[in-house]
>>> print(open('data.cif').read())   # mmCIF, C-alpha atoms
data_my_file
loop_
_atom_site.group_PDB
_atom_site.id
_atom_site.type_symbol
_atom_site.label_atom_id
_atom_site.label_comp_id
_atom_site.auth_asym_id
_atom_site.auth_seq_id
_atom_site.Cartn_x
_atom_site.Cartn_y
_atom_site.Cartn_z
ATOM 1 C CA GLN A 8 241.070 -35.787 -42.386
ATOM 2 C CA VAL A 9 239.321 -39.135 -42.033
ATOM 3 C CA GLN A 10 238.040 -40.514 -38.769
ATOM 4 C CA LEU A 11 236.957 -44.108 -38.333
ATOM 5 C CA VAL A 12 234.822 -45.585 -35.557
ATOM 6 C CA GLU A 13 234.268 -49.334 -35.317
ATOM 7 C CA SER A 14 231.413 -51.104 -33.576
ATOM 8 C CA GLY A 15 229.770 -54.499 -33.483
ATOM 9 C CA GLY A 16 232.357 -56.631 -31.762
ATOM 10 C CA GLY A 17 231.464 -59.056 -29.008
ATOM 11 C CA SER A 18 231.652 -62.622 -27.777
ATOM 12 C CA VAL A 19 230.148 -65.520 -29.695
ATOM 13 C CA GLN A 20 230.456 -69.270 -29.799
ATOM 14 C CA ALA A 21 232.205 -71.048 -32.631
ATOM 15 C CA GLY A 22 229.983 -71.230 -35.686
ATOM 16 C CA GLY A 23 228.252 -67.970 -34.835
ATOM 17 C CA SER A 24 228.153 -64.676 -36.707
ATOM 18 C CA LEU A 25 228.939 -61.042 -36.083
ATOM 19 C CA ARG A 26 228.763 -57.927 -38.217
ATOM 20 C CA LEU A 27 231.307 -55.195 -37.652
ATOM 21 C CA SER A 28 230.647 -51.634 -38.730
ATOM 22 C CA CYS A 29 233.062 -48.799 -39.374
ATOM 23 C CA ALA A 30 231.590 -45.330 -39.649
ATOM 24 C CA ALA A 31 233.835 -42.990 -41.602
ATOM 25 C CA SER A 32 233.802 -39.231 -41.474
ATOM 26 C CA GLY A 33 235.688 -37.233 -44.048
ATOM 27 C CA TYR A 34 236.190 -37.797 -47.740
ATOM 28 C CA ILE A 35 237.175 -41.243 -48.988
ATOM 29 C CA TYR A 36 238.770 -41.043 -52.394
ATOM 30 C CA ARG A 37 237.486 -43.506 -54.950
ATOM 31 C CA SER A 38 241.024 -44.710 -55.539
ATOM 32 C CA ALA A 39 241.341 -45.508 -51.886
ATOM 33 C CA CYS A 40 241.301 -48.773 -50.066
ATOM 34 C CA MET A 41 239.295 -49.393 -46.968
ATOM 35 C CA GLY A 42 240.088 -52.471 -45.018
ATOM 36 C CA TRP A 43 239.698 -54.620 -41.971
ATOM 37 C CA PHE A 44 242.728 -55.800 -40.061
ATOM 38 C CA ARG A 45 243.039 -57.838 -36.902
ATOM 39 C CA GLN A 46 245.570 -58.466 -34.195
ATOM 40 C CA ALA A 47 245.478 -61.401 -31.822
ATOM 41 C CA PRO A 48 247.452 -61.368 -28.560
ATOM 42 C CA GLY A 49 251.107 -62.059 -29.210
ATOM 43 C CA LYS A 50 250.686 -61.916 -32.971
ATOM 44 C CA GLU A 51 251.332 -59.334 -35.655
ATOM 45 C CA ARG A 52 248.476 -57.391 -37.141
ATOM 46 C CA GLU A 53 247.214 -58.985 -40.330
ATOM 47 C CA GLY A 54 244.952 -57.976 -43.177
ATOM 48 C CA VAL A 55 241.522 -59.611 -43.254
ATOM 49 C CA ALA A 56 239.575 -57.946 -46.052
ATOM 50 C CA THR A 57 239.915 -54.858 -48.197
ATOM 51 C CA ILE A 58 237.712 -52.913 -50.571
ATOM 52 C CA TYR A 59 239.415 -51.139 -53.450
ATOM 53 C CA ASN A 60 237.828 -48.188 -55.221
ATOM 54 C CA LEU A 61 234.779 -48.689 -52.988
ATOM 55 C CA GLY A 62 233.985 -51.736 -55.065
ATOM 56 C CA SER A 63 236.243 -54.725 -55.563
ATOM 57 C CA THR A 64 237.056 -56.797 -52.509
ATOM 58 C CA TYR A 65 239.988 -58.951 -51.509
ATOM 59 C CA TYR A 66 240.203 -61.439 -48.647
ATOM 60 C CA ALA A 67 242.833 -63.257 -46.676
ATOM 61 C CA ASP A 68 242.819 -66.980 -47.392
ATOM 62 C CA SER A 69 241.916 -67.714 -43.768
ATOM 63 C CA VAL A 70 238.556 -65.938 -44.068
ATOM 64 C CA LYS A 71 237.558 -66.566 -47.684
ATOM 65 C CA GLY A 72 234.058 -67.945 -47.923
ATOM 66 C CA ARG A 73 233.253 -66.929 -44.331
ATOM 67 C CA PHE A 74 233.730 -63.155 -44.214
ATOM 68 C CA SER A 75 232.250 -60.541 -46.501
ATOM 69 C CA ALA A 76 233.218 -56.867 -46.685
ATOM 70 C CA SER A 77 230.939 -54.192 -48.069
ATOM 71 C CA HIS A 78 230.591 -50.427 -48.160
ATOM 72 C CA ASP A 79 227.443 -48.346 -47.951
ATOM 73 C CA ASN A 80 228.200 -45.174 -49.873
ATOM 74 C CA ALA A 81 225.171 -43.328 -48.564
ATOM 75 C CA LYS A 82 226.146 -43.965 -44.959
ATOM 76 C CA ASN A 83 229.900 -43.890 -45.619
ATOM 77 C CA THR A 84 230.135 -47.027 -43.544
ATOM 78 C CA LEU A 85 232.265 -50.110 -44.029
ATOM 79 C CA TYR A 86 230.960 -53.483 -42.882
ATOM 80 C CA LEU A 87 232.465 -56.870 -42.210
ATOM 81 C CA GLN A 88 230.003 -59.735 -42.040
ATOM 82 C CA MET A 89 231.658 -62.642 -40.261
ATOM 83 C CA ASN A 90 230.044 -66.057 -40.447
ATOM 84 C CA SER A 91 231.131 -69.505 -39.281
ATOM 85 C CA LEU A 92 233.411 -67.902 -36.746
ATOM 86 C CA LYS A 93 236.271 -69.934 -35.321
ATOM 87 C CA PRO A 94 238.237 -69.505 -32.084
ATOM 88 C CA GLU A 95 241.247 -68.495 -34.190
ATOM 89 C CA ASP A 96 239.263 -65.457 -35.376
ATOM 90 C CA THR A 97 239.542 -64.035 -31.867
ATOM 91 C CA ALA A 98 241.334 -60.691 -32.129
ATOM 92 C CA MET A 99 241.006 -56.947 -31.992
ATOM 93 C CA TYR A 100 239.590 -55.857 -35.328
ATOM 94 C CA TYR A 101 240.561 -52.522 -36.843
ATOM 95 C CA CYS A 102 239.110 -50.536 -39.683
ATOM 96 C CA ALA A 103 241.550 -48.551 -41.801
ATOM 97 C CA ALA A 104 241.588 -46.265 -44.818
ATOM 98 C CA ALA A 105 244.321 -45.704 -47.385
ATOM 99 C CA PRO A 106 244.182 -42.527 -49.516
ATOM 100 C CA GLY A 107 245.957 -44.358 -52.324
ATOM 101 C CA CYS A 108 246.514 -48.045 -52.903
ATOM 102 C CA SER A 109 246.327 -50.889 -55.380
ATOM 103 C CA SER A 110 243.917 -53.769 -55.487
ATOM 104 C CA GLY A 111 244.774 -57.367 -54.778
ATOM 105 C CA SER A 112 246.959 -58.982 -52.154
ATOM 106 C CA SER A 113 249.082 -55.868 -51.739
ATOM 107 C CA SER A 114 246.116 -54.093 -50.203
ATOM 108 C CA LEU A 115 246.238 -56.620 -47.365
ATOM 109 C CA LEU A 116 250.023 -56.677 -46.990
ATOM 110 C CA TYR A 117 251.096 -53.050 -47.296
ATOM 111 C CA GLN A 118 249.697 -51.679 -44.065
ATOM 112 C CA HIS A 119 251.812 -48.544 -44.403
ATOM 113 C CA TRP A 120 249.392 -47.438 -47.120
ATOM 114 C CA TYR A 121 246.730 -47.024 -44.440
ATOM 115 C CA HIS A 122 247.027 -43.589 -42.922
ATOM 116 C CA TYR A 123 243.825 -43.679 -40.907
ATOM 117 C CA TRP A 124 242.894 -46.252 -38.285
ATOM 118 C CA GLY A 125 239.980 -46.779 -35.945
ATOM 119 C CA GLN A 126 240.299 -47.593 -32.277
ATOM 120 C CA GLY A 127 239.413 -51.256 -32.752
ATOM 121 C CA THR A 128 236.623 -53.550 -31.613
ATOM 122 C CA GLN A 129 237.183 -56.855 -29.833
ATOM 123 C CA VAL A 130 235.897 -60.125 -31.246
ATOM 124 C CA THR A 131 236.073 -63.210 -29.035
ATOM 125 C CA VAL A 132 235.049 -66.638 -30.297
ATOM 126 C CA SER A 133 234.747 -69.473 -27.798
ATOM 127 C CA SER A 134 234.852 -73.160 -28.635
#
>>> encode(input="data.cif", output="structure tokens")
Amino acid sequence: QVQLVESGGGSVQAGGSLRLSCAASGYIYRSACMGWFRQAPGKEREGVATIYNLGSTYYADSVKGRFSASHDNAKNTLYLQMNSLKPEDTAMYYCAAAPGCSSGSSSLLYQHWYHYWGQGTQVTVSS
């Protein structure tokens, strides 16, 4: 069983930065994906960034060049560094883990792969 706890959300002005953390308990298989997803009010949840095999990363086009996902194996913690934040980045951000997945765009699209989800952390970006 995997449990995920996010932290690090908050309110910032446009152009600012935040770093989200996701502490994972339980075993994460190397073939797994860990990812960040977000849901804005009135919108569907969307994939932001994923890490496949605890190594290779994949990003949504909307955040490429601004967001960076990483994983600290020793701490079993997933991070999302968010720079140059925009008001449209405002959303609830969720960490998730998939016991089995594939790399690439499918890791962002196939949310049903992700069996474990955190409770979410709110990010609000003001203009």
>>> closest_residue(input="data.cif", among="A:Tyr123, A:Cys108, A:Ala103, A:Tyr86", to="A:Leu25", atoms="only C-alpha atoms")
A:Tyr86
>>> resolve_selection(input="data.cif", expression="the PyMOL selection byres ((chain A and resi 59) around 7)", output="PyMOL selection string")
chain A and resi 38-41+57-58+60-64+110
>>> closest_residue(input="data.cif", among="A:Ala31, A:Val70, A:Ala56, A:Ala47", to="A:Lys93", atoms="all atoms listed in the file")
A:Val70
>>> residues_near_point(input="data.cif", point="(245.3, -60.5, -26.0)", cutoff="10 Å", atoms="only C-alpha atoms", output="list in words")
Gln46, Ala47, Pro48, Gly49, Lys50, Thr97, Ala98, Met99 and Gln129 of chain A
>>> write_last_selection(input="data.cif", atoms="C-alpha atoms", output="PDB file, keeping the file's coordinate frame")
ATOM      1  CA  GLN A  46     245.570 -58.466 -34.195  1.00  0.00           C
ATOM      2  CA  ALA A  47     245.478 -61.401 -31.822  1.00  0.00           C
ATOM      3  CA  PRO A  48     247.452 -61.368 -28.560  1.00  0.00           C
ATOM      4  CA  GLY A  49     251.107 -62.059 -29.210  1.00  0.00           C
ATOM      5  CA  LYS A  50     250.686 -61.916 -32.971  1.00  0.00           C
ATOM      6  CA  THR A  97     239.542 -64.035 -31.867  1.00  0.00           C
ATOM      7  CA  ALA A  98     241.334 -60.691 -32.129  1.00  0.00           C
ATOM      8  CA  MET A  99     241.006 -56.947 -31.992  1.00  0.00           C
ATOM      9  CA  GLN A 129     237.183 -56.855 -29.833  1.00  0.00           C
TER      10      GLN A 129
END
>>> closest_residue(input="data.cif", among="A:Gly33, A:Val55, A:His78, A:Leu11", to="A:Ser112", atoms="only C-alpha atoms")
A:Val55
>>> closest_residue(input="data.cif", among="A:Ser134, A:Thr128, A:Ser32, A:Ser75", to="A:Glu13", atoms="all atoms listed in the file")
A:Thr128
>>> atom_distance(input="data.cif", atom1="atom CA of A:Glu53", atom2="atom CA of A:Pro94")
16.1 Å
>>> atom_distance(input="data.cif", atom1="atom CA of A:Val12", atom2="atom CA of A:Gly127")
7.8 Å
>>> atom_distance(input="data.cif", atom1="atom CA of A:Leu116", atom2="atom CA of A:Ser77")
19.3 Å
>>> residues_around(input="data.cif", residues="A:Leu87", least_positions_apart="2", cutoff="8 Å", atoms="all atoms listed in the file", output="PDB file with C-alpha atoms, keeping the file's coordinate frame")
ATOM      1  CA  ARG A  26     228.763 -57.927 -38.217  1.00  0.00           C
ATOM      2  CA  LEU A  27     231.307 -55.195 -37.652  1.00  0.00           C
ATOM      3  CA  SER A  28     230.647 -51.634 -38.730  1.00  0.00           C
ATOM      4  CA  TRP A  43     239.698 -54.620 -41.971  1.00  0.00           C
ATOM      5  CA  PHE A  74     233.730 -63.155 -44.214  1.00  0.00           C
ATOM      6  CA  SER A  75     232.250 -60.541 -46.501  1.00  0.00           C
ATOM      7  CA  ALA A  76     233.218 -56.867 -46.685  1.00  0.00           C
ATOM      8  CA  SER A  77     230.939 -54.192 -48.069  1.00  0.00           C
ATOM      9  CA  LEU A  85     232.265 -50.110 -44.029  1.00  0.00           C
ATOM     10  CA  MET A  89     231.658 -62.642 -40.261  1.00  0.00           C
TER      11      MET A  89
END
>>> closest_residue(input="data.cif", among="A:Arg52, A:Asn83, A:Gly23, A:Tyr65", to="A:His119", atoms="only C-alpha atoms")
A:Arg52
>>> closest_residue(input="data.cif", among="A:Ser133, A:Thr84, A:Ser91, A:Ser113", to="A:Ser14", atoms="all atoms listed in the file")
A:Thr84
>>> residues_around(input="data.cif", residues="A:Trp120", least_positions_apart="3", cutoff="8 Å", atoms="only C-alpha atoms", output="PDB file with C-alpha atoms, keeping the file's coordinate frame")
ATOM      1  CA  ALA A 105     244.321 -45.704 -47.385  1.00  0.00           C
ATOM      2  CA  PRO A 106     244.182 -42.527 -49.516  1.00  0.00           C
ATOM      3  CA  GLY A 107     245.957 -44.358 -52.324  1.00  0.00           C
ATOM      4  CA  CYS A 108     246.514 -48.045 -52.903  1.00  0.00           C
ATOM      5  CA  TYR A 117     251.096 -53.050 -47.296  1.00  0.00           C
TER       6      TYR A 117
END
>>> resolve_selection(input="data.cif", expression="the PyMOL selection byres ((chain A and resi 8) around 8)", output="VMD selection string")
chain A and resid 9 to 10 33 to 34
>>> decode(input="data.cif", residues="stretch 19-79 of chain A", atoms="C-alpha atoms", output="PDB file, in the first residue's frame")
ATOM      1  CA  VAL A  19       2.264  33.681  -4.994  1.00  0.00           C
ATOM      2  CA  GLN A  20       2.280  36.477  -7.512  1.00  0.00           C
ATOM      3  CA  ALA A  21       2.746  35.835 -11.202  1.00  0.00           C
ATOM      4  CA  GLY A  22       6.386  35.199 -12.011  1.00  0.00           C
ATOM      5  CA  GLY A  23       7.051  33.662  -8.613  1.00  0.00           C
ATOM      6  CA  SER A  24       8.116  30.150  -7.668  1.00  0.00           C
ATOM      7  CA  LEU A  25       6.927  27.328  -5.469  1.00  0.00           C
ATOM      8  CA  ARG A  26       8.223  23.850  -4.752  1.00  0.00           C
ATOM      9  CA  LEU A  27       5.737  21.098  -4.043  1.00  0.00           C
ATOM     10  CA  SER A  28       6.738  17.974  -2.170  1.00  0.00           C
ATOM     11  CA  CYS A  29       5.094  14.572  -2.058  1.00  0.00           C
ATOM     12  CA  ALA A  30       6.241  12.208   0.658  1.00  0.00           C
ATOM     13  CA  ALA A  31       5.564   8.592  -0.233  1.00  0.00           C
ATOM     14  CA  SER A  32       5.318   5.705   2.165  1.00  0.00           C
ATOM     15  CA  GLY A  33       5.324   2.168   0.875  1.00  0.00           C
ATOM     16  CA  TYR A  34       7.239   0.565  -1.948  1.00  0.00           C
ATOM     17  CA  ILE A  35       7.413   2.306  -5.315  1.00  0.00           C
ATOM     18  CA  TYR A  36       8.253  -0.135  -8.058  1.00  0.00           C
ATOM     19  CA  ARG A  37      10.966   0.957 -10.446  1.00  0.00           C
ATOM     20  CA  SER A  38       8.614   0.378 -13.352  1.00  0.00           C
ATOM     21  CA  ALA A  39       6.151   2.750 -11.808  1.00  0.00           C
ATOM     22  CA  CYS A  40       5.226   6.263 -12.694  1.00  0.00           C
ATOM     23  CA  MET A  41       4.920   9.020 -10.184  1.00  0.00           C
ATOM     24  CA  GLY A  42       3.252  12.161 -11.304  1.00  0.00           C
ATOM     25  CA  TRP A  43       1.787  15.537 -10.590  1.00  0.00           C
ATOM     26  CA  PHE A  44      -1.710  16.384 -11.719  1.00  0.00           C
ATOM     27  CA  ARG A  45      -3.800  19.486 -11.229  1.00  0.00           C
ATOM     28  CA  GLN A  46      -7.426  20.475 -11.285  1.00  0.00           C
ATOM     29  CA  ALA A  47      -8.668  24.025 -11.609  1.00  0.00           C
ATOM     30  CA  PRO A  48     -12.233  24.969 -10.641  1.00  0.00           C
ATOM     31  CA  GLY A  49     -14.666  23.913 -13.330  1.00  0.00           C
ATOM     32  CA  LYS A  50     -12.021  22.038 -15.287  1.00  0.00           C
ATOM     33  CA  GLU A  51     -11.003  18.417 -15.649  1.00  0.00           C
ATOM     34  CA  ARG A  52      -7.943  17.122 -13.887  1.00  0.00           C
ATOM     35  CA  GLU A  53      -4.902  17.199 -16.134  1.00  0.00           C
ATOM     36  CA  GLY A  54      -1.421  15.746 -16.066  1.00  0.00           C
ATOM     37  CA  VAL A  55       1.404  18.188 -15.355  1.00  0.00           C
ATOM     38  CA  ALA A  56       4.574  16.132 -15.018  1.00  0.00           C
ATOM     39  CA  THR A  57       5.473  12.490 -14.589  1.00  0.00           C
ATOM     40  CA  ILE A  58       8.568  10.518 -13.695  1.00  0.00           C
ATOM     41  CA  TYR A  59       8.917   7.066 -15.211  1.00  0.00           C
ATOM     42  CA  ASN A  60      11.105   4.391 -13.653  1.00  0.00           C
ATOM     43  CA  LEU A  61      12.145   6.979 -11.054  1.00  0.00           C
ATOM     44  CA  GLY A  62      14.207   8.604 -13.764  1.00  0.00           C
ATOM     45  CA  SER A  63      12.896   9.923 -17.053  1.00  0.00           C
ATOM     46  CA  THR A  64      10.478  12.824 -16.904  1.00  0.00           C
ATOM     47  CA  TYR A  65       7.670  14.011 -19.127  1.00  0.00           C
ATOM     48  CA  TYR A  66       5.862  17.351 -19.041  1.00  0.00           C
ATOM     49  CA  ALA A  67       2.675  18.871 -20.320  1.00  0.00           C
ATOM     50  CA  ASP A  68       3.318  21.448 -23.025  1.00  0.00           C
ATOM     51  CA  SER A  69       1.828  24.179 -20.833  1.00  0.00           C
ATOM     52  CA  VAL A  70       4.559  23.795 -18.202  1.00  0.00           C
ATOM     53  CA  LYS A  71       7.607  22.801 -20.248  1.00  0.00           C
ATOM     54  CA  GLY A  72      10.574  24.983 -19.442  1.00  0.00           C
ATOM     55  CA  ARG A  73       8.935  26.286 -16.247  1.00  0.00           C
ATOM     56  CA  PHE A  74       8.295  23.203 -14.109  1.00  0.00           C
ATOM     57  CA  SER A  75      10.734  20.495 -13.122  1.00  0.00           C
ATOM     58  CA  ALA A  76       9.899  17.169 -11.477  1.00  0.00           C
ATOM     59  CA  SER A  77      12.406  15.150  -9.501  1.00  0.00           C
ATOM     60  CA  HIS A  78      12.542  12.256  -7.070  1.00  0.00           C
ATOM     61  CA  ASP A  79      14.777  11.815  -4.054  1.00  0.00           C
TER      62      ASP A  79
END
